[in-house]
Amino acid sequence: MAARVGIVGIGHTRFGNSSEYDLADVMAYAATDALRDAGYLAQRKEIDQVFVANMASGMFCHQSAVASALISRMDMEPVPAELIENGPASGASAVKIAYMAIASGMADVVLVVGGEIMRKVTGWNATDIVATMLDTETEYNMGLTLPGFGGMFTRMYMEKYGLTERDLALVAVKSHDNGAKNKYAHVQATCTIEAISDGPEADVVNNYIAEPLRMYSTCPVTDGAAALLLVNMDSPRAKQFAKKPIRVAGVASATDTHCVHNRKDPLQLNAVRIAGEKAYKMAGLGPKDISFAELHDAFVILELAISEELGFFERGKSFLAVRNGETRIDGKLPINTSGGLKSKGHPVGATGVSQVVELVRQLRGEAEPGRQVKDPKYGMSVNFGGFGNNVAAVICAKD
Amino acid sequence: MIDFSMYDVKAPKISAFKCDGCGEIYYPAPMICRKCDSRRDPVTGKGWSTFDLEGPCTLLTWTRVWNLPDGYNKKFLQFGIVQFENGLRASGRVEVEEPKTGMKLTATVEESDERPGKPVKIFVFK
């Protein structure tokens, strides 16, 4: 039987603009926080493995070999360290691979650090760098970007299910309510439905980015890092840590066609559905067991579509749940309690790790007042790579 | 002697691919046919044929993008996904004033030198 895997340490920088700082420093800060949280900083050379999640430091920062840089910055030689790159899903992929390393018996203690500095380049350049994850000939060369695909997906969804731009704004208002209370969030500010949808100045405040997506339907360009210390809960070494482990109950990933146009139904996010089903099966759980979720809302439409693929709501009905307040912090199924990518920010390589940090904070009862879910037992995250072509899901449990 | 400048510049084309073994068609080309597992040789193309992807198509969805990446000196660009009569689909630019999902368009191919490096072929749906 494979070992049980738990998380005993978490670390997170304040997301925002860290562009004057070195990526290895930013990641090392989150990593040392995770080690301090676990009471393991002095024993860091006893860690069996480090996995670093990063999407594009070579392009954003003109810097490669960030795993090696991180190890030296933290005085951790000769601990083995490798880079995990899976686009914006690099973080959850690193968590999955850390789980596999422990479950296989090759490691008992694994540090996962995700980080990205995106703001060393201009916003136009960042949009271009992120777009390189698209199919080169058939998508990137056409001038397409991730917001472009977000806009086309949103229009299809609206025309099929009756979603409105106001519904998108309601998701943003909900997420900003949570992010405003999260000490790690990039945009710690609320927004009102009047300001971004109903009021006379809404068109100016909330301008179009990729129609019908507006500014408040898309995540900001963000820098930051997050870290987790994972352990074999069945090893004698598990007793060394200051914090009780939060168990990783399920972790899985799946892929879909690289070209979006080759999907039989482009509105179906097959990789999300399959990764979710596999994670549920591994955990012995179903959608009704989940207490709260962190879903990859790089565009707020994705929060809705992912929540449907995971079985939280019927297809085409998730926005009705948002209208009813069901995904608010005090609703039946709080979604993006951290503020999500929309408000907390989306440093691409860090996001999947950051989502799991939020699962742990909620399950420990350590979220800030006003955004703590009441007595959560299971939290689920979905980290979305490309435009849904490589997706990883994680379920954490408070035993 | 040949004077190349006397001849018209060849119109840019984008190719779709057909597996000669089973007739399955693709855009872009895969390495392995999903139907008969025949492998495409990327150098010689042996066992596969190509044909121009162009002509009538239907707009499945579209967007108007206002935050364009580096290199695009335009206020906005419109993009869409279309379906051709043979069932293949493609993404590209949409150049009509008022796009509408379901509208019939014609796929043309142009060269774009907006980004640094060699010019690339792009679909423009008109």
# chains A, B, ... in the order shown; residues from 1 in each chain; ligands from 1
>>> residues_around(residues="A:Val109", least_positions_apart="6", cutoff="12 Å", atoms="only C-alpha atoms", output="ChimeraX atom specification")
/A:3,5-9,35,38,40,43-51,79-80,98-103,228-241
>>> closest_atom_pairs(of="chain A", to="chain B", cutoff="7 Å", atoms="only C-alpha atoms", output="JSON lines")
{"residue": "A:Trp124", "atom": "CA", "partner": "B:Pro69", "partner_atom": "CA", "distance": 4.4}
{"residue": "A:Asn125", "atom": "CA", "partner": "B:Asp70", "partner_atom": "CA", "distance": 5.4}
{"residue": "A:Thr127", "atom": "CA", "partner": "B:Pro69", "partner_atom": "CA", "distance": 5.4}
{"residue": "A:Asp128", "atom": "CA", "partner": "B:Pro69", "partner_atom": "CA", "distance": 5.0}
{"residue": "A:Thr138", "atom": "CA", "partner": "B:Ser91", "partner_atom": "CA", "distance": 6.6}
{"residue": "A:Glu139", "atom": "CA", "partner": "B:Ser91", "partner_atom": "CA", "distance": 6.4}
{"residue": "A:Asn141", "atom": "CA", "partner": "B:Val120", "partner_atom": "CA", "distance": 6.4}
{"residue": "A:Met142", "atom": "CA", "partner": "B:Ile122", "partner_atom": "CA", "distance": 5.2}
{"residue": "A:Gly148", "atom": "CA", "partner": "B:Val65", "partner_atom": "CA", "distance": 6.1}
{"residue": "A:Gly151", "atom": "CA", "partner": "B:Thr63", "partner_atom": "CA", "distance": 5.5}
{"residue": "A:Met152", "atom": "CA", "partner": "B:Trp62", "partner_atom": "CA", "distance": 5.1}
{"residue": "A:Arg155", "atom": "CA", "partner": "B:Thr61", "partner_atom": "CA", "distance": 6.6}
{"residue": "A:Met156", "atom": "CA", "partner": "B:Thr61", "partner_atom": "CA", "distance": 6.1}
{"residue": "A:Tyr208", "atom": "CA", "partner": "B:Trp66", "partner_atom": "CA", "distance": 6.9}
{"residue": "A:Ile209", "atom": "CA", "partner": "B:Trp66", "partner_atom": "CA", "distance": 5.1}
{"residue": "A:Ala210", "atom": "CA", "partner": "B:Val65", "partner_atom": "CA", "distance": 4.2}
{"residue": "A:Glu211", "atom": "CA", "partner": "B:Thr63", "partner_atom": "CA", "distance": 5.2}
{"residue": "A:His261", "atom": "CA", "partner": "B:Arg89", "partner_atom": "CA", "distance": 5.8}
{"residue": "A:Asn262", "atom": "CA", "partner": "B:Arg89", "partner_atom": "CA", "distance": 6.7}
>>> residues_around(residues="B:Lys126", least_positions_apart="6", cutoff="6 Å", atoms="only C-alpha atoms", output="number ranges by chain")
B: 95-96, 105-106
>>> atom_distance(atom1="atom CA of A:Val391", atom2="atom CA of A:Ile10")
22.3 Å
>>> residues_around(residues="B:Glu24", least_positions_apart="4", cutoff="10 Å", atoms="only C-alpha atoms", output="ChimeraX atom specification")
/B:17-20,33-36,48
>>> residues_around(residues="A:Met74", least_positions_apart="4", cutoff="10 Å", atoms="only C-alpha atoms", output="VMD selection string")
chain A and resid 24 to 25 27 to 29 31 to 32 41 44 to 45 69 to 70
>>> residues_around(residues="stretch 335-345 of chain A", least_positions_apart="4", cutoff="6 Å", atoms="only C-alpha atoms", output="PyMOL selection string")
chain A and resi 175-176+178-179+185-187+219-220+222+292-294+297-298+327
>>> write_last_selection(atoms="C-alpha atoms", output="mmCIF file, in the first residue's frame")
data_model
loop_
_atom_site.group_PDB
_atom_site.id
_atom_site.type_symbol
_atom_site.label_atom_id
_atom_site.label_comp_id
_atom_site.auth_asym_id
_atom_site.auth_seq_id
_atom_site.Cartn_x
_atom_site.Cartn_y
_atom_site.Cartn_z
ATOM 1 C CA SER A 175 -13.886 36.811 -5.477
ATOM 2 C CA HIS A 176 -12.739 40.349 -4.633
ATOM 3 C CA ASN A 178 -12.542 37.227 -0.409
ATOM 4 C CA GLY A 179 -9.295 38.580 -1.827
ATOM 5 C CA ALA A 185 -3.593 38.702 -2.390
ATOM 6 C CA HIS A 186 -2.368 41.058 -5.107
ATOM 7 C CA VAL A 187 -5.550 43.146 -5.290
ATOM 8 C CA CYS A 219 -6.681 38.083 -13.675
ATOM 9 C CA PRO A 220 -3.907 40.654 -13.203
ATOM 10 C CA THR A 222 1.359 39.142 -10.906
ATOM 11 C CA PHE A 292 -14.760 24.551 -0.624
ATOM 12 C CA ALA A 293 -12.750 24.845 -3.819
ATOM 13 C CA GLU A 294 -9.961 26.874 -5.399
ATOM 14 C CA ASP A 297 -10.179 31.592 -12.733
ATOM 15 C CA ALA A 298 -7.591 33.224 -14.995
ATOM 16 C CA THR A 327 -20.336 30.237 -3.946
#
>>> atom_distance(atom1="atom CA of A:Ala107", atom2="atom CA of A:Gly91")
18.9 Å
>>> residues_around(residues="A:Glu194", least_positions_apart="2", cutoff="12 Å", atoms="only C-alpha atoms", output="PyMOL selection string")
chain A and resi 166+169-170+173+190-192+196-203+205-206
>>> closest_residue(among="B:Gly117, B:Gly55, B:Pro42, B:Pro99", to="B:Pro30", atoms="only C-alpha atoms")
B:Pro42
>>> select_by_dssp(residues="stretch 60-291 of chain A", states="strand (DSSP E)", output="ChimeraX atom specification")
/A:81-84,109-116,208-210,213-214,224-232,246-255
>>> decode(residues="stretch 197-219 of chain A", atoms="N, CA and C atoms", output="tab-separated table (two decimals), in the first residue's frame")
chain	number	residue	atom	x	y	z
A	197	SER	N	-20.55	46.97	-13.36
A	197	SER	CA	-21.58	46.46	-14.28
A	197	SER	C	-22.77	47.38	-14.43
A	198	ASP	N	-23.36	47.80	-13.31
A	198	ASP	CA	-24.67	48.46	-13.38
A	198	ASP	C	-24.59	49.98	-13.50
A	199	GLY	N	-23.51	50.56	-13.01
A	199	GLY	CA	-23.43	52.02	-12.93
A	199	GLY	C	-23.13	52.69	-14.26
A	200	PRO	N	-23.30	54.02	-14.33
A	200	PRO	CA	-23.12	54.74	-15.59
A	200	PRO	C	-21.67	54.75	-16.09
A	201	GLU	N	-20.71	54.58	-15.18
A	201	GLU	CA	-19.29	54.61	-15.58
A	201	GLU	C	-18.71	53.20	-15.76
A	202	ALA	N	-19.55	52.18	-15.68
A	202	ALA	CA	-19.04	50.80	-15.67
A	202	ALA	C	-18.23	50.47	-16.92
A	203	ASP	N	-18.64	51.00	-18.07
A	203	ASP	CA	-17.92	50.72	-19.31
A	203	ASP	C	-16.49	51.25	-19.28
A	204	VAL	N	-16.29	52.32	-18.51
A	204	VAL	CA	-14.96	52.92	-18.40
A	204	VAL	C	-14.13	52.18	-17.35
A	205	VAL	N	-14.77	51.94	-16.20
A	205	VAL	CA	-14.08	51.25	-15.10
A	205	VAL	C	-13.71	49.82	-15.51
A	206	ASN	N	-14.63	49.21	-16.24
A	206	ASN	CA	-14.50	47.78	-16.55
A	206	ASN	C	-14.51	47.62	-18.08
A	207	ASN	N	-13.43	48.07	-18.70
A	207	ASN	CA	-13.37	48.08	-20.17
A	207	ASN	C	-13.15	46.67	-20.73
A	208	TYR	N	-13.45	46.53	-22.02
A	208	TYR	CA	-13.26	45.23	-22.67
A	208	TYR	C	-11.78	44.90	-22.81
A	209	ILE	N	-11.46	43.62	-22.60
A	209	ILE	CA	-10.12	43.08	-22.85
A	209	ILE	C	-10.17	42.17	-24.07
A	210	ALA	N	-11.05	41.18	-24.00
A	210	ALA	CA	-11.27	40.27	-25.13
A	210	ALA	C	-12.77	39.98	-25.10
A	211	GLU	N	-13.52	40.71	-25.90
A	211	GLU	CA	-14.99	40.68	-25.80
A	211	GLU	C	-15.53	39.24	-25.84
A	212	PRO	N	-16.45	38.91	-24.99
A	212	PRO	CA	-17.15	39.73	-23.98
A	212	PRO	C	-16.46	39.79	-22.61
A	213	LEU	N	-15.20	39.39	-22.54
A	213	LEU	CA	-14.49	39.51	-21.26
A	213	LEU	C	-14.01	40.94	-21.04
A	214	ARG	N	-14.19	41.41	-19.83
A	214	ARG	CA	-13.75	42.75	-19.47
A	214	ARG	C	-12.60	42.66	-18.47
A	215	MET	N	-12.10	43.82	-18.05
A	215	MET	CA	-10.95	43.83	-17.14
A	215	MET	C	-11.26	43.05	-15.86
A	216	TYR	N	-12.47	43.20	-15.33
A	216	TYR	CA	-12.81	42.50	-14.10
A	216	TYR	C	-13.24	41.05	-14.36
A	217	SER	N	-13.07	40.60	-15.61
A	217	SER	CA	-13.27	39.17	-15.90
A	217	SER	C	-11.94	38.47	-16.05
A	218	THR	N	-10.82	39.20	-15.90
A	218	THR	CA	-9.51	38.60	-16.16
A	218	THR	C	-8.57	38.85	-14.97
A	219	CYS	N	-7.61	37.96	-14.80
A	219	CYS	CA	-6.68	38.08	-13.67
A	219	CYS	C	-5.61	39.13	-14.00
